[in-house]
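Source file upload-v5.cif; content: mmCIF, C-alpha atoms and all ligand atoms.
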data_entry
#
loop_
_atom_site.label_atom_id
_atom_site.label_comp_id
_atom_site.auth_asym_id
_atom_site.auth_seq_id
_atom_site.Cartn_x
_atom_site.Cartn_y
_atom_site.Cartn_z
CA MET A 1 28.82 12.44 97.14
CA GLU A 2 27.99 11.10 93.69
CA TYR A 3 29.86 12.05 90.49
CA LYS A 4 27.65 11.76 87.39
CA GLU A 5 28.69 12.07 83.76
CA ASN A 6 26.85 13.80 80.91
CA VAL A 7 23.67 14.74 82.77
CA LEU A 8 24.29 18.46 83.35
CA CYS A 9 20.95 20.25 82.88
CA TYR A 10 20.09 23.89 82.26
CA GLU A 11 18.66 24.51 85.75
CA ASP A 12 21.68 23.09 87.62
CA TYR A 13 24.04 24.93 85.29
CA CYS A 14 22.41 28.30 85.99
CA GLU A 15 22.10 27.73 89.74
CA LEU A 16 25.74 26.76 90.08
CA ARG A 17 26.98 29.72 88.06
CA GLU A 18 24.85 32.07 90.13
CA SER A 19 26.11 30.49 93.38
CA VAL A 20 29.60 31.80 92.59
CA GLY A 21 28.43 35.15 91.21
CA TRP A 22 29.00 34.39 87.53
CA LEU A 23 26.79 35.99 84.88
CA LEU A 24 24.50 33.79 82.83
CA PHE A 25 24.34 33.55 79.06
CA SER A 26 21.00 33.65 77.23
CA LYS A 27 18.80 30.58 77.69
CA GLU A 28 18.98 29.69 74.00
CA GLN A 29 22.81 29.92 73.95
CA THR A 30 23.12 27.94 77.15
CA GLN A 31 20.89 25.09 76.01
CA LYS A 32 22.79 24.84 72.72
CA ALA A 33 26.14 24.92 74.53
CA LEU A 34 25.09 22.15 76.90
CA ILE A 35 24.02 19.95 73.99
CA ASN A 36 27.34 20.65 72.25
CA SER A 37 29.46 19.74 75.29
CA LEU A 38 31.80 16.82 74.75
CA TYR A 39 31.70 15.72 78.36
CA THR A 40 30.19 17.04 81.58
CA VAL A 41 30.46 16.09 85.24
CA ILE A 42 28.07 16.96 88.04
CA VAL A 43 28.44 16.27 91.73
CA VAL A 44 25.32 15.40 93.70
CA LYS A 45 25.01 15.45 97.47
CA ASP A 46 21.66 14.77 99.20
CA SER A 47 19.79 15.25 95.87
CA GLN A 48 21.39 18.67 95.38
CA THR A 49 23.84 19.42 92.59
CA VAL A 50 26.85 21.02 94.29
CA GLY A 51 29.47 21.00 91.55
CA MET A 52 29.99 20.82 87.80
CA GLY A 53 32.56 20.86 85.04
CA ARG A 54 32.31 20.93 81.28
CA LEU A 55 34.59 20.04 78.38
CA ILE A 56 34.33 21.30 74.81
CA GLY A 57 36.62 20.46 71.90
CA ASP A 58 37.32 18.67 68.64
CA GLY A 59 39.50 15.68 69.51
CA MET A 60 42.80 17.55 69.31
CA TYR A 61 42.19 20.81 71.16
CA TYR A 62 40.01 20.78 74.25
CA THR A 63 38.82 23.58 76.54
CA ILE A 64 37.72 23.14 80.13
CA VAL A 65 34.94 25.54 81.14
CA ASP A 66 32.41 26.03 83.93
CA ILE A 67 34.31 24.43 86.79
CA VAL A 68 32.18 25.40 89.77
CA VAL A 69 31.85 24.04 93.29
CA GLN A 70 29.02 25.55 95.30
CA PRO A 71 30.62 27.71 98.04
CA ASN A 72 29.43 25.54 101.00
CA TYR A 73 31.20 22.54 99.46
CA GLN A 74 34.50 24.09 98.42
CA LYS A 75 37.88 22.99 99.82
CA GLN A 76 36.81 19.34 100.11
CA GLY A 77 38.56 18.03 97.02
CA ILE A 78 35.48 18.18 94.76
CA GLY A 79 36.92 20.62 92.20
CA ASN A 80 40.06 18.53 91.99
CA LYS A 81 38.07 15.34 91.28
CA ILE A 82 35.91 17.05 88.62
CA VAL A 83 38.96 18.30 86.69
CA ASN A 84 40.70 14.93 87.04
CA MET A 85 37.65 13.17 85.54
CA ILE A 86 37.79 15.57 82.60
CA ILE A 87 41.53 14.98 82.12
CA GLU A 88 40.91 11.22 82.25
CA PHE A 89 38.23 11.56 79.54
CA VAL A 90 40.70 13.36 77.25
CA ASP A 91 43.42 10.86 78.06
CA LYS A 92 41.12 7.99 76.96
CA GLU A 93 40.17 9.84 73.76
CA THR A 94 43.80 10.46 72.80
CA PRO A 95 45.09 7.72 70.48
CA ILE A 96 48.48 6.08 70.81
CA GLY A 97 50.93 8.27 68.90
CA GLY A 98 48.49 11.20 69.12
CA ARG A 99 48.55 14.39 71.16
CA SER A 100 45.85 16.50 72.83
CA SER A 101 46.00 20.00 74.24
CA ILE A 102 43.70 21.01 77.10
CA GLN A 103 43.27 24.75 77.62
CA LEU A 104 41.39 26.86 80.11
CA ILE A 105 41.17 30.38 81.44
CA ALA A 106 41.73 30.49 85.19
CA GLU A 107 39.85 33.05 87.23
CA LYS A 108 42.21 35.58 88.77
CA GLY A 109 43.78 33.98 91.85
CA LYS A 110 42.71 30.42 90.93
CA GLU A 111 45.87 29.55 89.01
CA THR A 112 47.29 27.46 91.87
CA PHE A 113 44.22 25.21 91.84
CA TYR A 114 44.99 24.31 88.20
CA GLU A 115 48.76 24.19 88.64
CA LYS A 116 48.25 21.43 91.21
CA LEU A 117 46.40 19.51 88.47
CA GLY A 118 49.35 19.79 86.08
CA PHE A 119 48.42 22.91 84.07
CA LYS A 120 51.15 25.41 83.22
CA ILE A 121 50.66 29.15 83.34
CA ILE A 122 51.15 30.80 79.94
CA PRO A 123 53.11 32.61 78.68
CA HIS A 124 56.08 30.32 79.27
CA GLU A 125 59.21 29.44 77.28
CA PHE A 126 57.25 27.73 74.46
CA CYS A 127 53.99 29.75 74.39
CA GLY A 128 52.86 33.36 74.17
CA SER A 129 49.94 34.71 76.18
CA GLY A 130 46.45 33.27 75.96
CA MET A 131 44.16 35.78 74.24
CA ARG A 132 40.43 36.30 74.09
CA LYS A 133 37.84 38.43 72.32
CA VAL A 134 34.33 38.74 73.67
CA ILE A 135 31.39 39.62 71.41
CA ARG A 136 28.37 41.23 73.06
CA LYS A 137 25.05 41.96 71.42
C1 LIG B 201 38.11 26.97 92.12
C2 LIG B 201 37.17 25.88 92.65
C3 LIG B 201 36.55 25.13 91.49
C4 LIG B 201 38.00 24.92 93.51
O1 LIG B 201 37.16 23.86 93.92
P1 LIG B 201 37.36 23.16 95.34
O2 LIG B 201 36.48 21.98 95.38
O3 LIG B 201 37.20 24.17 96.40
O4 LIG B 201 38.89 22.76 95.25
P2 LIG B 201 39.59 21.48 95.92
O5 LIG B 201 39.10 21.35 97.32
O6 LIG B 201 39.42 20.30 95.04
O7 LIG B 201 41.09 21.96 95.94
C5 LIG B 201 42.13 21.29 95.23
C6 LIG B 201 43.43 21.97 95.55
O8 LIG B 201 43.43 23.31 95.01
C7 LIG B 201 43.63 24.26 96.04
N1 LIG B 201 42.73 25.39 95.84
C8 LIG B 201 41.39 25.37 95.82
N2 LIG B 201 40.91 26.61 95.61
C9 LIG B 201 41.99 27.42 95.52
C10 LIG B 201 42.15 28.81 95.33
N3 LIG B 201 41.12 29.62 95.22
N4 LIG B 201 43.41 29.30 95.30
C11 LIG B 201 44.46 28.48 95.43
N5 LIG B 201 44.38 27.15 95.63
C12 LIG B 201 43.16 26.63 95.67
C13 LIG B 201 43.25 23.54 97.33
O9 LIG B 201 43.92 24.10 98.42
C14 LIG B 201 43.67 22.12 97.05
O10 LIG B 201 45.04 21.96 97.27
P3 LIG B 201 45.60 20.64 98.01
O11 LIG B 201 45.23 19.49 97.11
O12 LIG B 201 47.06 20.88 98.08
O13 LIG B 201 44.91 20.59 99.32
C15 LIG B 201 36.07 26.48 93.56
O14 LIG B 201 36.68 27.27 94.55
C16 LIG B 201 35.06 27.33 92.81
O15 LIG B 201 34.07 26.81 92.29
N6 LIG B 201 35.27 28.66 92.77
C17 LIG B 201 34.36 29.57 92.12
C18 LIG B 201 34.30 29.34 90.63
C19 LIG B 201 35.69 29.34 90.02
O16 LIG B 201 36.49 30.23 90.24
N7 LIG B 201 35.94 28.33 89.19
C20 LIG B 201 37.20 28.20 88.51
C21 LIG B 201 37.11 28.97 87.30
S1 LIG B 201 38.56 29.11 86.43
#
Show me the file's structure as structure tokens.
Ligand SMILES: CC(C)(COP(=O)(O)OP(=O)(O)OC[C@H]1O[C@@H](n2cnc3c(N)ncnc32)[C@H](O)[C@@H]1OP(=O)(O)O)[C@@H](O)C(=O)NCCC(=O)NCCS
Amino acid sequence: MEYKENVLCYEDYCELRESVGWLLFSKEQTQKALINSLYTVIVVKDSQTVGMGRLIGDGMYYTIVDIVVQPNYQKQGIGNKIVNMIIEFVDKETPIGGRSSIQLIAEKGKETFYEKLGFKIIPHEFCGSGMRKVIRK
């Protein structure tokens, strides 16, 4: 199992999303989004890409997106390692005396996976609910 940074390509991205039943975005949007990623991780086993994760953000606020482990390879610690690599990237980028916030939207039922990695469910005592608006054309 090999973990590679910043080499996530369009084909692997689409295949992995489809492997877990997620809809795709348009090709143009996807290619732009991949270029604009701050940091990506892929996991390669026997020349096949079996996992990915992606980080977007501006140096203060970061969002984790597209955490996918191909179904045949789930429950082997791969997802955990991908997210930990992303957290480590943000940790290194955060200056002494600074502060970074990493957000994400968990799929329904996947909250425990992220809680084990140190994420807190919102709302909680200091935060209201996460909110989202989707634009479709
Ligand atoms: C969610 C997902 C990324 C987890 O990846 P994975 O490689 O199977 O997870 P890991 O094996 O690294 O599991 C890490 C820990 O989280 C737990 N976990 C994994 N999937 C879980 C789930 N669906 N519900 C609750 N806990 C889960 C594991 O039991 C493990 O706990 P442990 O360390 O105490 O043993 C993977 O199931 C997946 O790709 N699912 C489809 C896409 C998806 O939902 N992505 C997340 C979007 S928010």
(request) State, in Å with one decimal place, the distance from atom O11 of ligand LIG 201 (chain B) to atom CA of Glu18 of chain A. (result)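 A separation of 24.9 Å between them.
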(message) as a ChimeraX atom specification, please: the residues near Val50 of chain A (cut-off 6 Å, all atoms listed in the file, same-chain neighbours under 4 positions excluded).
(response) /A:43-44,69-70
Go ahead and dump the residues you just picked, C-alpha atoms, as a PDB file, in the frame of the given file.
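result-v7.pdb was written with the following content:
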ATOM      1  CA  VAL A  43      28.440  16.270  91.730  1.00  0.00           C
ATOM      2  CA  VAL A  44      25.320  15.400  93.700  1.00  0.00           C
ATOM      3  CA  VAL A  69      31.850  24.040  93.290  1.00  0.00           C
ATOM      4  CA  GLN A  70      29.020  25.550  95.300  1.00  0.00           C
TER       5      GLN A  70
END
Considering all atoms listed in the file, return as a short mmCIF file (atom, residue, chain, number, x, y, z; two decimals) with C-alpha atoms, keeping the file's coordinate frame whatever protein or nucleic-acid residues lie within 12 Å of Tyr114 of chain A, sequence-local ones (same chain, fewer than 4 positions apart) excluded.
data_model
loop_
_atom_site.label_atom_id
_atom_site.label_comp_id
_atom_site.auth_asym_id
_atom_site.auth_seq_id
_atom_site.Cartn_x
_atom_site.Cartn_y
_atom_site.Cartn_z
CA ILE A 64 37.72 23.14 80.13
CA ILE A 67 34.31 24.43 86.79
CA GLY A 79 36.92 20.62 92.20
CA ASN A 80 40.06 18.53 91.99
CA LYS A 81 38.07 15.34 91.28
CA ILE A 82 35.91 17.05 88.62
CA VAL A 83 38.96 18.30 86.69
CA ASN A 84 40.70 14.93 87.04
CA ILE A 87 41.53 14.98 82.12
CA ILE A 102 43.70 21.01 77.10
CA GLN A 103 43.27 24.75 77.62
CA LEU A 104 41.39 26.86 80.11
CA ILE A 105 41.17 30.38 81.44
CA ALA A 106 41.73 30.49 85.19
CA GLU A 107 39.85 33.05 87.23
CA LYS A 108 42.21 35.58 88.77
CA GLY A 109 43.78 33.98 91.85
CA LYS A 110 42.71 30.42 90.93
CA GLY A 118 49.35 19.79 86.08
CA PHE A 119 48.42 22.91 84.07
CA LYS A 120 51.15 25.41 83.22
CA ILE A 121 50.66 29.15 83.34
#
(request) Select, from A:Pro123, A:Gly97, A:Pro71, A:Gly128, the residue with the minimum atom-to-atom distance to ligand LIG 201 (chain B), counting only C-alpha atoms and all ligand atoms. (result) A:Pro71
Around all the atoms of segment 73-90 of chain A listed in the file, draw an axis-aligned box and extend it by 5 Å on each of the six sides; I want its centre and edge lengths in Å to one decimal, as AutoDock Vina command-line options.
--center_x 36.4 --center_y 17.7 --center_z 88.7 --size_x 20.3 --size_y 22.9 --size_z 32.9
(message) Given only C-alpha atoms and all ligand atoms as the basis, pick out the residue of A:Arg99, A:Arg54, A:Lys27, A:Lys116 nearest to ligand LIG 201 (chain B).
(response)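 Result for the nearest residue to ligand LIG 201 (chain B): A:Lys116.
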(message) Here is a test: counting all atoms listed in the file, which residue of A:Cys14, A:Leu24, A:Ser101, A:Val7 is nearest to Ile56 of chain A?
(response) A:Ser101
(message) Ranking A:Gly77, A:Gly59, A:Gly51, A:Gly21 by minimum distance to ligand LIG 201 (chain B) and counting all atoms listed in the file, which one comes first?
(response) A:Gly77
(message) Just checking: using only C-alpha atoms and all ligand atoms, which residue out of A:Ile78, A:Val41, A:Ile96, A:Val65 ends up closest to ligand LIG 201 (chain B)?
(response)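 Of A:Ile78, A:Val41, A:Ile96, A:Val65, the one nearest ligand LIG 201 (chain B) is A:Ile78, counting only C-alpha atoms and all ligand atoms.
The closest residue to Leu38 of chain A, picked from A:Trp22, A:Tyr62, A:Tyr73, A:Tyr3 and counting only C-alpha atoms, is A:Tyr62.
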(request) Enter the distance from atom C4 of ligand LIG 201 (chain B) to atom CA of Lys92 of chain A, in Å, rounded to one decimal. (result)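 One can read the atom C4 of ligand LIG 201 (chain B) to atom CA of Lys92 of chain A distance as 23.9 Å.
If you look at atom CA of Lys4 of chain A and atom N3 of ligand LIG 201 (chain B), they are 23.7 Å away from each other.
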(message) Set the distance at 10 Å and use all atoms listed in the file: which residues neighbour Tyr39 of chain A once local chain neighbours fewer than 2 positions away are removed? I'd like the list as a PyMOL selection string.
(response) chain A and resi 5-8+34-37+41+53-57+64+85-86+89-90
